[in-house]
Amino acid sequence: MSLPENSLVDSFGRQHNNLRISVTDRCNIRCFYCMPAENVQFMAKSKLLTFEEIARFVRLMVPQGVNKLRLTGGEPLVRKDLHKLVALLAEIDGITDIGITTNGILLADQAQALYDAGLRRLNVSLDALDPVKFQEITRREGYEQVLNGIEVAQKVGFSPIKINAVAIRGMTESEIVPFGKFARESGCDVRFIEYMPLDADAAWEREKVLFASEIIDVLSRELVPLVPVGDPDPRAPSTDYQFKDGAGRIGFIPSVSQPFCEQCNRFRLTADGRLRNCLFSLEESDIKTLLRESANDEQIVAAVRESIQQKWSGHNINAADFVQPDRPMYSIGG
Ligand code: SAM
Ligand code: SF4
C-alpha cells in the first residue's frame with residue numbers, strides 16, 4: 001500500500017490507519033474485568049466530544065492515512081442518536097470501513113437505524129452462553145436482550161457478526177465448547193480475547209488469563225480440529241481459524257500470550273477528547289481543548305503526529321515493571 005505523504009508513521013515505522021473512537025464512558029452493565037461494580041463516576045456530558053467535533057477530527061485524519069474507524073465506549077449504543085454519528089462518518093470520503101463494538105443489550109432497537117446509516121461491521125461482546133455465568137460476569141441482567149439483539153442484527157443484514165468473548169481462567173473454561181458450537185451453528189464468528197490488565201479494580205493477574213493456545217486445544221479435541229485461515233489483513237490483532245470441516249470460524253486476540261504490538265496500526269480518541277497512541281498508554285494528548293479553543297487544522301494534526309511519534313514499541317504486559325494505566329477499559333474505549 002502506498003502511504004500518503006503525511007501518513008502517521010511512528011518511530012518504529014508503523015503506519016496508523018485505524019482510529020478507535022469512544023463515544024461515551026457510560027455503560028448499562030458492569031463487567032468485572034472493565035468497570036467497578038457500583039458508584040462509577042462518569043464524565044460530565046459537556047466533556048464528551050460532540051458528533052461534529054468527532055467528524056471534524058476524522059476529516060482531518062483521512063489525509064493522514066486513516067481509513068478505518070471503530071466506535072466503542074463504554075457502551076456506544078447508550079449514546080443518544082448514535083446512528084447520526086455513523087451517518088456523518090460514513091459520508092466522509094476516504095473512510096472505507098466503520099465498525100462498532102457493543103454489548104448488544106440495546107442492539108435490537110438500533111440495528112436497523114445503524115445499518116441504514118452505513119454501519120456494516122458489528123462486534124458483539126458476549127462472554128458466556130450460560131445466562132447465570134453472564135450475570136456473574138456482567139453483574140447485571142440482559143442476557144436475553146443480547147441474544148435477541150444478535151438475531152435482529154442478522155435479520156437486518158449484518159454479516160458476519162463477530163462475537164467477542166473475554167477468556168478468563170477459573171471462570172469461562174466451561175464456555176469454550178458452547179461457543180465453538182455457536183460458531184458452527186449461528187453464522188456468527190466467535191473471537192476469544194485474552195483478559196488484559198485494564199480492569200477498574202486492578203485485580204488482573206496473569207494466572208487469570210485463559211490462553212488462546214489452550215482454547216485451540218480444547219476446541220480441536222472436543223469438536224473438530226481448528227486450522228489457521230489466511231488473514232486478509234495481517235495487521236489485524238485477531239488470528240483466525242476455522243473448523244477443518246469448514247463449519248465455523250474462531251478468532252483469537254492473544255494480547256497477553258502473543259502480543260501483536262509490532263504490527264499495531266491503531267490509536268484511540270477517548271470520549272472526552274484525549275488521544276491515546278496505545279491502549280496501555282500512560283500519557284494522553286488533549287485534542288478536545290484544541291478542538292474547542294479554535295486551534296487550526298494544522299495544529300490539531302501536529303498534535304496527533306507528535307503523539308504517534310512518541311508511541312512506544314509495545315505494551316510490556318509481560319514485564320515485571322508493567323504499569324497499569326489509570327484509566328480502565330470503559331473509560332479508554334476498548
Ligand atoms: N461496551 C462495549 C462492549 O463491551 O462491547 C464496547 C466497549 S468494551 C470496553 C470493548 C471490548 O473490550 C469488549 O469486547 C470487552 O469485552 C473488552 N474488554 C473490556 N475489558 C477487558 C479486559 N480487561 N481484557 C480484555 N478485554 C476487555
Ligand atoms: Fe460495559 Fe463493555 Fe465494559 Fe462490559 S466491557 S462493562 S459492556 S464497557
# chains A, B, ... in the order shown; residues from 1 in each chain; ligands from 1
call {"tool": "closest_atom_pairs", "arguments": {"of": "chain A", "to": "ligand 2", "cutoff": "8 Å", "atoms": "only C-alpha atoms and all ligand atoms", "output": "tab-separated table"}}
result
residue	atom	partner	partner_atom_place_in_ligand_line	distance
A:Asp25	CA	ligand 2	8 (S)	7.1
A:Arg26	CA	ligand 2	8 (S)	7.3
A:Cys27	CA	ligand 2	1 (Fe)	4.7
A:Asn28	CA	ligand 2	1 (Fe)	6.4
A:Ile29	CA	ligand 2	1 (Fe)	5.3
A:Arg30	CA	ligand 2	6 (S)	4.2
A:Cys31	CA	ligand 2	6 (S)	4.0
A:Phe32	CA	ligand 2	6 (S)	7.0
A:Tyr33	CA	ligand 2	5 (S)	7.3
A:Cys34	CA	ligand 2	3 (Fe)	4.6
A:Met35	CA	ligand 2	6 (S)	5.2
A:Gly73	CA	ligand 2	8 (S)	5.7
A:Gly74	CA	ligand 2	8 (S)	3.7
A:Glu75	CA	ligand 2	8 (S)	5.0
A:Thr102	CA	ligand 2	2 (Fe)	6.7
A:Asn103	CA	ligand 2	7 (S)	4.8
A:Ser125	CA	ligand 2	7 (S)	7.1
A:Thr138	CA	ligand 2	4 (Fe)	6.5
A:Met329	CA	ligand 2	3 (Fe)	6.4
A:Tyr330	CA	ligand 2	8 (S)	4.5
A:Ser331	CA	ligand 2	8 (S)	7.9
A:Gly333	CA	ligand 2	8 (S)	7.5
A:Gly334	CA	ligand 2	8 (S)	7.6
call {"tool": "residues_around", "arguments": {"residues": "Tyr241 in chain A", "least_positions_apart": "6", "cutoff": "10 Å", "atoms": "only C-alpha atoms", "output": "compact mmCIF listing (two decimals) with N, CA, C and O atoms, in the first residue's frame"}}
result
# COMPACT_ATOMS: atom_id res chain seq x y z
N ASP A 189 -19.08 -15.34 13.73
CA ASP A 189 -17.71 -15.72 14.10
C ASP A 189 -17.54 -15.47 15.59
O ASP A 189 -18.10 -14.50 16.11
N ARG A 191 -14.74 -14.73 18.65
CA ARG A 191 -13.34 -14.38 18.90
C ARG A 191 -13.09 -14.35 20.40
O ARG A 191 -13.79 -13.67 21.15
N ILE A 216 -7.63 -23.38 21.68
CA ILE A 216 -7.49 -24.10 20.40
C ILE A 216 -7.45 -25.60 20.66
O ILE A 216 -8.11 -26.38 19.98
N PRO A 225 -10.98 -30.43 14.64
CA PRO A 225 -9.71 -29.69 14.64
C PRO A 225 -9.83 -28.31 13.99
O PRO A 225 -10.55 -28.14 13.00
N LEU A 226 -9.13 -27.35 14.59
CA LEU A 226 -9.11 -25.99 14.04
C LEU A 226 -7.89 -25.84 13.15
O LEU A 226 -6.80 -26.29 13.51
N VAL A 227 -8.08 -25.20 12.01
CA VAL A 227 -6.93 -24.94 11.12
C VAL A 227 -6.86 -23.43 10.85
O VAL A 227 -7.89 -22.76 10.74
N PRO A 228 -5.62 -22.88 10.80
CA PRO A 228 -5.50 -21.44 10.57
C PRO A 228 -6.05 -21.06 9.20
O PRO A 228 -5.96 -21.83 8.25
N VAL A 229 -6.65 -19.87 9.13
CA VAL A 229 -7.07 -19.36 7.82
C VAL A 229 -6.19 -18.17 7.47
O VAL A 229 -5.80 -17.41 8.34
N GLY A 230 -5.88 -18.04 6.22
CA GLY A 230 -5.07 -16.91 5.75
C GLY A 230 -5.76 -15.61 6.15
O GLY A 230 -6.97 -15.50 6.08
N ASP A 231 -4.97 -14.65 6.60
CA ASP A 231 -5.55 -13.42 7.10
C ASP A 231 -5.53 -12.34 6.02
O ASP A 231 -4.46 -11.96 5.55
N GLY A 248 -17.75 -23.01 10.65
CA GLY A 248 -17.48 -22.20 11.84
C GLY A 248 -16.08 -21.62 11.88
O GLY A 248 -15.10 -22.30 11.60
N ARG A 249 -16.02 -20.33 12.22
CA ARG A 249 -14.73 -19.65 12.35
C ARG A 249 -14.53 -19.17 13.78
O ARG A 249 -15.46 -18.68 14.42
N ILE A 250 -13.30 -19.29 14.25
CA ILE A 250 -12.94 -18.86 15.60
C ILE A 250 -11.70 -17.99 15.49
O ILE A 250 -10.73 -18.37 14.83
N GLY A 251 -11.72 -16.82 16.12
CA GLY A 251 -10.54 -15.94 16.14
C GLY A 251 -10.00 -15.82 17.55
O GLY A 251 -10.70 -16.12 18.53
N PHE A 252 -8.77 -15.35 17.64
CA PHE A 252 -8.15 -15.16 18.94
C PHE A 252 -7.45 -13.81 18.95
O PHE A 252 -6.80 -13.43 17.98
call {"tool": "closest_residue", "arguments": {"among": "A:Ala320, A:Leu291, A:Asn277, A:Lys133", "to": "Glu306 in chain A", "atoms": "only C-alpha atoms"}}
result
A:Asn277
call {"tool": "residues_around", "arguments": {"residues": "Asn164 in chain A", "least_positions_apart": "4", "cutoff": "9 Å", "atoms": "only C-alpha atoms", "output": "list in words"}}
result
Thr101, Asn123, Val124, Ser125, Leu126, Asp127, Asp189, Val190, Arg191, Phe192 and Ile193 of chain A
call {"tool": "write_last_selection", "arguments": {"atoms": "N, CA, C and O atoms", "output": "short mmCIF file (atom, residue, chain, number, x, y, z; two decimals), in the first residue's frame"}}
result
data_model
loop_
_atom_site.label_atom_id
_atom_site.label_comp_id
_atom_site.auth_asym_id
_atom_site.auth_seq_id
_atom_site.Cartn_x
_atom_site.Cartn_y
_atom_site.Cartn_z
N THR A 101 -18.23 -1.80 18.36
CA THR A 101 -18.18 -2.88 19.35
C THR A 101 -19.21 -2.55 20.42
O THR A 101 -19.16 -1.46 21.02
N ASN A 123 -19.33 -5.98 16.07
CA ASN A 123 -18.79 -6.93 17.05
C ASN A 123 -19.67 -6.85 18.29
O ASN A 123 -19.90 -5.76 18.82
N VAL A 124 -20.16 -7.97 18.73
CA VAL A 124 -20.99 -8.01 19.94
C VAL A 124 -20.21 -8.75 21.02
O VAL A 124 -19.75 -9.87 20.79
N SER A 125 -20.08 -8.11 22.17
CA SER A 125 -19.33 -8.74 23.26
C SER A 125 -20.28 -9.59 24.08
O SER A 125 -21.31 -9.11 24.55
N LEU A 126 -19.92 -10.85 24.21
CA LEU A 126 -20.73 -11.80 24.99
C LEU A 126 -19.76 -12.86 25.51
O LEU A 126 -19.15 -13.58 24.72
N ASP A 127 -19.58 -12.90 26.81
CA ASP A 127 -18.54 -13.77 27.37
C ASP A 127 -19.05 -15.14 27.75
O ASP A 127 -18.26 -16.03 28.05
N ASP A 189 -19.08 -15.34 13.73
CA ASP A 189 -17.71 -15.72 14.10
C ASP A 189 -17.54 -15.47 15.59
O ASP A 189 -18.10 -14.50 16.11
N VAL A 190 -16.78 -16.30 16.25
CA VAL A 190 -16.52 -16.09 17.68
C VAL A 190 -15.04 -15.76 17.84
O VAL A 190 -14.18 -16.39 17.22
N ARG A 191 -14.74 -14.73 18.65
CA ARG A 191 -13.34 -14.38 18.90
C ARG A 191 -13.09 -14.35 20.40
O ARG A 191 -13.79 -13.67 21.15
N PHE A 192 -12.09 -15.10 20.82
CA PHE A 192 -11.73 -15.10 22.23
C PHE A 192 -10.64 -14.05 22.45
O PHE A 192 -9.65 -14.01 21.72
N ILE A 193 -10.85 -13.22 23.47
CA ILE A 193 -9.88 -12.16 23.80
C ILE A 193 -9.23 -12.52 25.12
O ILE A 193 -9.94 -12.77 26.11
#
call {"tool": "atom_distance", "arguments": {"atom1": "CA of Lys208 in chain A", "atom2": "CA of Ala167 in chain A"}}
result
8.7 Å
call {"tool": "decode", "arguments": {"residues": "range 117-133 of chain A", "atoms": "C-alpha atoms", "output": "short mmCIF file (atom, residue, chain, number, x, y, z; two decimals), in the first residue's frame"}}
result
data_model
loop_
_atom_site.label_atom_id
_atom_site.label_comp_id
_atom_site.auth_asym_id
_atom_site.auth_seq_id
_atom_site.Cartn_x
_atom_site.Cartn_y
_atom_site.Cartn_z
CA ALA A 117 -26.71 4.88 8.43
CA GLY A 118 -23.96 2.86 6.76
CA LEU A 119 -22.62 0.60 9.50
CA ARG A 120 -21.60 -2.84 8.27
CA ARG A 121 -19.17 -4.27 10.82
CA LEU A 122 -20.60 -5.35 14.11
CA ASN A 123 -18.79 -6.93 17.05
CA VAL A 124 -20.99 -8.01 19.94
CA SER A 125 -19.33 -8.74 23.26
CA LEU A 126 -20.73 -11.80 24.99
CA ASP A 127 -18.54 -13.77 27.37
CA ALA A 128 -20.91 -16.57 28.27
CA LEU A 129 -23.72 -18.51 26.66
CA ASP A 130 -24.83 -19.64 30.10
CA PRO A 131 -27.18 -16.94 31.47
CA VAL A 132 -26.06 -17.46 35.07
CA LYS A 133 -22.42 -17.01 34.08
#
